[in-house]
Amino acid sequence: MIAQALLWGVLYALPLFVRSDFLLTIFIFTFIYGILAVTFDLIFGFTGQLSMFHPAVFGVSAYMTYLLASQYKLPFWVATVPSALTAVVLAVVVGSICFKFRLKTFYFAVVTLAFAEMIRLVVMNWNSLTNGTLGLVVSGKPTIYWPGSGVVAVRGPIAWYYLTLACLSVTVLICARCLRAWMGRCFGAIRLNEDLARTLGINVFRYKLLAFAIGNALASFAGGLYGYYTGYIDPGYLGINQSMEILAMVLLGGQGTLLGPIVGSFVLTGLPHAIDLRAEIRAILYGAILIFTILAMPRGIVGTLGAWKARRGP
Amino acid sequence: MALEVRELSKRFAGLVAVAAVSFTVRPGEILGVIGPNGSGKTTLLSMMAGLLPPTSGSVIWKGREIQALRPDIIAGLGVVKSFQNPQLFAELSVFDNVRVASHLALKRALGLRRGLELLGAARAVEKQLARRVSEVLALCNLDGAAGQLAGNLSYGEEKMLGIAMALMCEPELLLLDEPASGLGRDEIRNLEEVLVKLHAAGTTLCLVDHKIGFLRGLAHRVIALNHGEKIAEGAPESVLNDPAVVEAYLGTGHAHA
């Protein structure tokens, strides 16, 4: 608990000491992917449903946020709302189909992947709207209200650092709130023993759908942020490799924890930047890390540390 | 009339597990269901709790047909079943196992207002439920093990935990599938005490067991099954002395009385 508060404190204070744009950039990517990884963990690590749908919501919301903002001259934040609602609608449609048919584990993963691929193909081929494989160049910046200076555009690494960190914090807070309350107990019951959960009066369908919808809705913000931060959106946002990357982050950091996915996101976004490697070698390294984690630390970095601390006593 | 089973049948491919069984569970009674292994007891109980769809027939609870409802809805209506082989959340503590089972109680207490609980409101209800969990654990003699992982319990404690979780659902009718099987003598005595307390508190019980001795002291009425058919019904002594029942037990070599 104290360690966690300290860690967040350090993250918020970091730009006061670290002036390196390079490091701040790594953290900005860590935070945006952290949002994806934490919300994925809500569905996977906490509720036990291996979803491959995250890239779809990530990509669709990136396109939607930018297109709405640019075509209707909406502020960034206003445009994120319909994007989040779209994510909820997509999640409810896909989730209802999967959960009604009681698709579990591998089957759930494959069907959500199929839906994600379907959406990717639509996005890729809807040239008039998305400019196809060429993608869109994002112009404009998110704006925030800053006391004293009014509405200002988010520019430069430090502003982006705090914007993305704040978004990640809110995401973690919302997830933590849900998990600590009765909802979290239902999610855990479903992950651990679905049949027992059912006989104890838990509406398994409803709570799976709830986890899926909350996770996807929050993940949609990562899409909007990522598009604006990188200044470029293409159908690669929706690719299956994104799912693999998010899964790797969660497994590495620690599934079923809120901190783990962020740690995993830091390692896996930081690593490629820290060591300059060719893409093929990087993929091999990813794979090796993943295999090592699953074999040596099935609970991930945070889970393993937690177990180690528990063994040593308070 | 609390629960009525009407002409309930279950067929698995060619095998008839339960054949047109009818009986009623009266409010406030302890009904025993006996029969040799494979006589359809567990299948019957699973159909009553909505875990298995019947091939034909109906289950009526308070005037409403429930055999086609989902198990979570049936549990919400007050009919709760515990499993023969204890089903647990092995990675959670004993306390948290029962805490999960407080879901229906929370739902009854707050309804849709439980959304407020996410914002930190309605803490009082949560606290009250946590106290209730402690009470249930004490009733089941599990208070000493509250902090242990459920996966580390002995078999007898696991079975008690299964019952504690069912209790936390605030059942009006509790269906227990062989609660005494695999238990030692002290554990059986403990179980009996708990069941007597429960019954005194107004819960209707339906106990399935093939150990006739355990039911003899507890049940008000007994139903005997053999090969999926009801072969006797009545007071425990008369059913246990019924020639058809004696034949079913001794004839198949499963007598434990």
# chains A, B, ... in the order shown; residues from 1 in each chain; ligands from 1

$ select_by_dssp --residues "stretch 50-245 of chain A" --states "alpha helix (DSSP H)" --output "JSON, numbers by chain"
{"A": [54, 55, 56, 57, 58, 59, 60, 61, 62, 63, 64, 65, 66, 67, 68, 69, 70, 71, 76, 77, 78, 79, 80, 81, 82, 83, 84, 85, 86, 87, 88, 89, 90, 91, 92, 93, 94, 95, 96, 97, 98, 99, 100, 105, 106, 107, 108, 109, 110, 111, 112, 113, 114, 115, 116, 117, 118, 119, 120, 121, 122, 123, 124, 125, 127, 128, 129, 130, 156, 157, 158, 159, 160, 161, 162, 163, 164, 165, 166, 167, 168, 169, 170, 171, 172, 173, 174, 175, 176, 177, 178, 179, 180, 182, 183, 184, 185, 186, 187, 188, 189, 190, 191, 192, 194, 195, 196, 197, 198, 199, 204, 205, 206, 207, 208, 209, 210, 211, 212, 213, 214, 215, 216, 217, 218, 219, 220, 221, 222, 223, 224, 225, 226, 227, 228, 229, 230, 240, 241, 242, 243, 244, 245]}

$ write_last_selection --atoms "C-alpha atoms" --output "CSV table (one decimal), in the first residue's frame"
chain,number,residue,atom,x,y,z
A,54,HIS,CA,-8.7,-4.6,-27.2
A,55,PRO,CA,-7.0,-3.5,-30.4
A,56,ALA,CA,-10.3,-3.1,-32.1
A,57,VAL,CA,-11.5,-0.6,-29.5
A,58,PHE,CA,-8.1,1.0,-29.4
A,59,GLY,CA,-8.1,1.6,-33.1
A,60,VAL,CA,-11.8,2.5,-33.6
A,61,SER,CA,-11.6,5.1,-30.8
A,62,ALA,CA,-8.4,6.6,-32.2
A,63,TYR,CA,-10.1,7.1,-35.6
A,64,MET,CA,-13.4,8.2,-34.1
A,65,THR,CA,-11.9,10.7,-31.7
A,66,TYR,CA,-9.8,12.3,-34.4
A,67,LEU,CA,-12.5,12.2,-37.1
A,68,LEU,CA,-15.2,13.7,-34.8
A,69,ALA,CA,-12.8,16.3,-33.5
A,70,SER,CA,-11.6,17.4,-37.0
A,71,GLN,CA,-14.9,17.2,-39.0
A,76,PHE,CA,-10.6,16.4,-28.0
A,77,TRP,CA,-12.4,15.6,-24.7
A,78,VAL,CA,-15.9,16.0,-26.2
A,79,ALA,CA,-14.9,13.7,-29.0
A,80,THR,CA,-13.7,10.9,-26.6
A,81,VAL,CA,-17.2,10.6,-25.2
A,82,PRO,CA,-18.9,9.1,-28.3
A,83,SER,CA,-15.8,7.0,-28.8
A,84,ALA,CA,-16.2,5.5,-25.4
A,85,LEU,CA,-19.9,5.0,-26.0
A,86,THR,CA,-19.1,3.2,-29.3
A,87,ALA,CA,-16.6,1.0,-27.4
A,88,VAL,CA,-19.4,0.1,-24.9
A,89,VAL,CA,-21.8,-0.7,-27.8
A,90,LEU,CA,-19.2,-2.9,-29.5
A,91,ALA,CA,-18.3,-4.6,-26.2
A,92,VAL,CA,-22.0,-5.3,-25.5
A,93,VAL,CA,-22.6,-6.7,-28.9
A,94,VAL,CA,-19.5,-8.9,-29.1
A,95,GLY,CA,-19.7,-9.8,-25.4
A,96,SER,CA,-23.3,-10.8,-25.5
A,97,ILE,CA,-22.7,-13.1,-28.4
A,98,CYS,CA,-19.7,-14.8,-26.7
A,99,PHE,CA,-21.1,-15.0,-23.2
A,100,LYS,CA,-24.6,-16.1,-24.4
A,105,THR,CA,-10.8,-19.5,-22.7
A,106,PHE,CA,-9.4,-20.3,-26.2
A,107,TYR,CA,-12.9,-20.2,-27.8
A,108,PHE,CA,-13.6,-16.7,-26.4
A,109,ALA,CA,-10.1,-15.6,-27.5
A,110,VAL,CA,-10.6,-16.8,-31.1
A,111,VAL,CA,-14.1,-15.3,-31.5
A,112,THR,CA,-13.1,-11.9,-30.0
A,113,LEU,CA,-10.1,-12.0,-32.3
A,114,ALA,CA,-12.4,-12.7,-35.3
A,115,PHE,CA,-14.5,-9.7,-34.4
A,116,ALA,CA,-11.4,-7.6,-34.0
A,117,GLU,CA,-10.1,-8.7,-37.4
A,118,MET,CA,-13.5,-8.0,-39.0
A,119,ILE,CA,-13.5,-4.5,-37.7
A,120,ARG,CA,-9.8,-4.0,-38.8
A,121,LEU,CA,-10.8,-5.0,-42.3
A,122,VAL,CA,-13.7,-2.6,-42.3
A,123,VAL,CA,-11.5,0.2,-41.1
A,124,MET,CA,-8.8,-0.7,-43.7
A,125,ASN,CA,-11.2,-0.7,-46.6
A,127,ASN,CA,-11.1,4.5,-47.8
A,128,SER,CA,-13.3,7.6,-47.9
A,129,LEU,CA,-13.4,7.8,-44.2
A,130,THR,CA,-10.1,6.3,-43.0
A,156,GLY,CA,5.7,19.2,-25.3
A,157,PRO,CA,6.8,16.1,-23.4
A,158,ILE,CA,6.1,17.4,-19.9
A,159,ALA,CA,2.5,18.4,-20.6
A,160,TRP,CA,1.9,15.1,-22.4
A,161,TYR,CA,3.6,13.3,-19.5
A,162,TYR,CA,1.1,14.7,-17.0
A,163,LEU,CA,-1.9,14.3,-19.3
A,164,THR,CA,-1.3,10.6,-19.9
A,165,LEU,CA,-0.3,10.0,-16.3
A,166,ALA,CA,-3.5,11.6,-15.1
A,167,CYS,CA,-5.6,9.5,-17.6
A,168,LEU,CA,-3.8,6.3,-16.4
A,169,SER,CA,-4.4,7.3,-12.7
A,170,VAL,CA,-8.1,7.8,-13.3
A,171,THR,CA,-8.3,4.5,-15.1
A,172,VAL,CA,-6.6,2.7,-12.3
A,173,LEU,CA,-8.8,4.5,-9.7
A,174,ILE,CA,-12.0,3.5,-11.5
A,175,CYS,CA,-10.8,-0.1,-11.8
A,176,ALA,CA,-9.7,-0.2,-8.2
A,177,ARG,CA,-13.1,1.1,-7.0
A,178,CYS,CA,-15.0,-1.5,-9.0
A,179,LEU,CA,-12.7,-4.3,-7.9
A,180,ARG,CA,-12.9,-3.4,-4.2
A,182,TRP,CA,-19.1,-6.3,-4.8
A,183,MET,CA,-18.4,-6.1,-8.5
A,184,GLY,CA,-14.8,-7.2,-7.9
A,185,ARG,CA,-16.0,-10.2,-5.8
A,186,CYS,CA,-18.3,-11.3,-8.6
A,187,PHE,CA,-15.5,-10.9,-11.2
A,188,GLY,CA,-13.2,-13.0,-9.0
A,189,ALA,CA,-15.8,-15.7,-8.4
A,190,ILE,CA,-16.4,-16.0,-12.1
A,191,ARG,CA,-12.6,-16.4,-12.8
A,192,LEU,CA,-12.2,-19.0,-10.0
A,194,GLU,CA,-18.0,-20.1,-12.7
A,195,ASP,CA,-20.4,-22.9,-11.8
A,196,LEU,CA,-20.1,-22.2,-8.1
A,197,ALA,CA,-20.6,-18.4,-8.7
A,198,ARG,CA,-23.9,-19.3,-10.6
A,199,THR,CA,-25.3,-21.4,-7.7
A,204,VAL,CA,-22.4,-14.7,-14.6
A,205,PHE,CA,-23.5,-13.4,-18.0
A,206,ARG,CA,-24.2,-9.9,-16.6
A,207,TYR,CA,-20.9,-9.6,-14.7
A,208,LYS,CA,-18.8,-10.9,-17.6
A,209,LEU,CA,-20.5,-8.4,-19.8
A,210,LEU,CA,-19.9,-5.6,-17.2
A,211,ALA,CA,-16.2,-6.4,-17.0
A,212,PHE,CA,-15.9,-6.5,-20.7
A,213,ALA,CA,-17.8,-3.2,-21.2
A,214,ILE,CA,-16.0,-1.3,-18.5
A,215,GLY,CA,-12.6,-2.6,-19.7
A,216,ASN,CA,-13.3,-1.6,-23.3
A,217,ALA,CA,-14.8,1.7,-22.5
A,218,LEU,CA,-11.8,2.8,-20.5
A,219,ALA,CA,-9.4,1.4,-23.1
A,220,SER,CA,-11.0,3.6,-25.7
A,221,PHE,CA,-9.3,6.7,-24.1
A,222,ALA,CA,-5.9,5.1,-24.8
A,223,GLY,CA,-6.8,5.1,-28.5
A,224,GLY,CA,-7.7,8.8,-28.6
A,225,LEU,CA,-4.6,9.7,-26.7
A,226,TYR,CA,-2.3,7.6,-28.8
A,227,GLY,CA,-3.5,9.0,-32.1
A,228,TYR,CA,-3.0,12.6,-31.0
A,229,TYR,CA,0.3,11.9,-29.3
A,230,THR,CA,1.9,10.1,-32.3
A,240,ILE,CA,-3.4,-8.8,-33.7
A,241,ASN,CA,0.2,-8.0,-32.7
A,242,GLN,CA,-1.2,-5.3,-30.4
A,243,SER,CA,-3.2,-8.0,-28.5
A,244,MET,CA,0.0,-10.0,-28.2
A,245,GLU,CA,1.9,-7.0,-26.8

$ closest_atom_pairs --of "chain B" --to "chain A" --cutoff "8 Å" --atoms "only C-alpha atoms" --output "tab-separated table"
residue	atom	partner	partner_atom	distance
B:Pro71	CA	A:Thr199	CA	5.5
B:Asp72	CA	A:Gly201	CA	3.8
B:Ile73	CA	A:Gly201	CA	6.3
B:Ile74	CA	A:Gly201	CA	7.6
B:Ala75	CA	A:Gly201	CA	5.1
B:Gly76	CA	A:Gly201	CA	5.7
B:Val80	CA	A:Thr199	CA	7.0
B:Lys81	CA	A:Thr199	CA	7.1
B:Gln87	CA	A:Leu196	CA	6.4
B:Leu88	CA	A:Leu196	CA	7.3
B:Phe89	CA	A:Leu192	CA	5.8
B:Ala90	CA	A:Leu192	CA	7.8
B:Glu91	CA	A:Leu192	CA	7.7
B:Val100	CA	A:Arg185	CA	5.8
B:Ala101	CA	A:Leu200	CA	5.6
B:His103	CA	A:Ile202	CA	6.9
B:Leu104	CA	A:Gly201	CA	6.0
B:Glu117	CA	A:Ala181	CA	6.9
B:Leu118	CA	A:Arg177	CA	6.0
B:Leu119	CA	A:Arg177	CA	7.4
B:Met165	CA	A:Leu200	CA	7.7
B:Ala166	CA	A:Leu200	CA	7.0
B:Cys169	CA	A:Leu200	CA	6.5

$ write_last_selection --atoms "C-alpha atoms" --output "tab-separated table (two decimals), in the first residue's frame"
chain	number	residue	atom	x	y	z
B	71	PRO	CA	-29.46	-21.42	-11.25
B	72	ASP	CA	-28.60	-17.88	-10.13
B	73	ILE	CA	-32.26	-16.87	-10.42
B	74	ILE	CA	-33.40	-19.95	-8.51
B	75	ALA	CA	-30.84	-19.16	-5.79
B	76	GLY	CA	-32.24	-15.62	-5.71
B	80	VAL	CA	-29.92	-23.00	-2.76
B	81	LYS	CA	-27.93	-26.20	-3.25
B	87	GLN	CA	-16.96	-26.52	-4.70
B	88	LEU	CA	-14.77	-23.72	-3.41
B	89	PHE	CA	-12.79	-20.71	-4.48
B	90	ALA	CA	-9.53	-22.40	-3.52
B	91	GLU	CA	-7.37	-19.28	-3.94
B	100	VAL	CA	-18.59	-13.82	-2.20
B	101	ALA	CA	-21.66	-15.79	-1.21
B	103	HIS	CA	-23.90	-11.35	-3.11
B	104	LEU	CA	-27.61	-12.17	-2.92
B	117	GLU	CA	-21.49	1.39	-3.27
B	118	LEU	CA	-18.91	1.88	-6.02
B	119	LEU	CA	-18.66	5.50	-4.98
B	165	MET	CA	-21.59	-20.45	1.59
B	166	ALA	CA	-25.03	-21.88	0.88
B	169	CYS	CA	-27.29	-17.00	0.36

$ residues_around --residues "A:Gly303" --least-positions-apart "5" --cutoff "8 Å" --atoms "only C-alpha atoms" --output "ChimeraX atom specification"
/A:253-255,257,260

$ closest_residue --among "B:Ala180, B:Ala145, B:Ala109, B:Leu3" --to "B:Leu195" --atoms "only C-alpha atoms"
B:Ala180

$ closest_residue --among "A:Gln4, A:Pro147, A:Tyr232, A:Gly264" --to "A:Asn131" --atoms "only C-alpha atoms"
A:Tyr232

$ residues_around --residues "stretch 181-191 of chain B" --least-positions-apart "5" --cutoff "8 Å" --atoms "only C-alpha atoms" --output "list in words"
Gln84, Cys140, Tyr155, Gly156, Met160, Asp209 and Lys211 of chain B

$ residues_around --residues "stretch 94-96 of chain B" --least-positions-apart "4" --cutoff "6 Å" --atoms "only C-alpha atoms" --output "VMD selection string"
chain B and resid 146 148 to 150

$ closest_atom_pairs --of "stretch 109-227 of chain B" --to "stretch 234-248 of chain B" --cutoff "6 Å" --atoms "only C-alpha atoms" --output "tab-separated table"
residue	atom	partner	partner_atom	distance
B:Arg216	CA	B:Pro236	CA	5.9
B:Arg221	CA	B:Ala235	CA	4.7
B:Val222	CA	B:Pro236	CA	5.3

$ write_last_selection --atoms "N, CA and C atoms" --output "short mmCIF file (atom, residue, chain, number, x, y, z; two decimals), in the first residue's frame"
data_model
loop_
_atom_site.label_atom_id
_atom_site.label_comp_id
_atom_site.auth_asym_id
_atom_site.auth_seq_id
_atom_site.Cartn_x
_atom_site.Cartn_y
_atom_site.Cartn_z
N ARG B 216 -31.74 -40.86 9.74
CA ARG B 216 -32.73 -41.42 10.67
C ARG B 216 -33.00 -40.46 11.82
N ARG B 221 -39.43 -36.67 7.31
CA ARG B 221 -39.99 -37.59 6.32
C ARG B 221 -38.85 -38.03 5.42
N VAL B 222 -39.02 -39.20 4.81
CA VAL B 222 -37.97 -39.73 3.95
C VAL B 222 -38.59 -40.23 2.64
#

$ atom_distance --atom1 "atom CA of B:Arg123" --atom2 "atom CA of A:Pro261"
29.1 Å
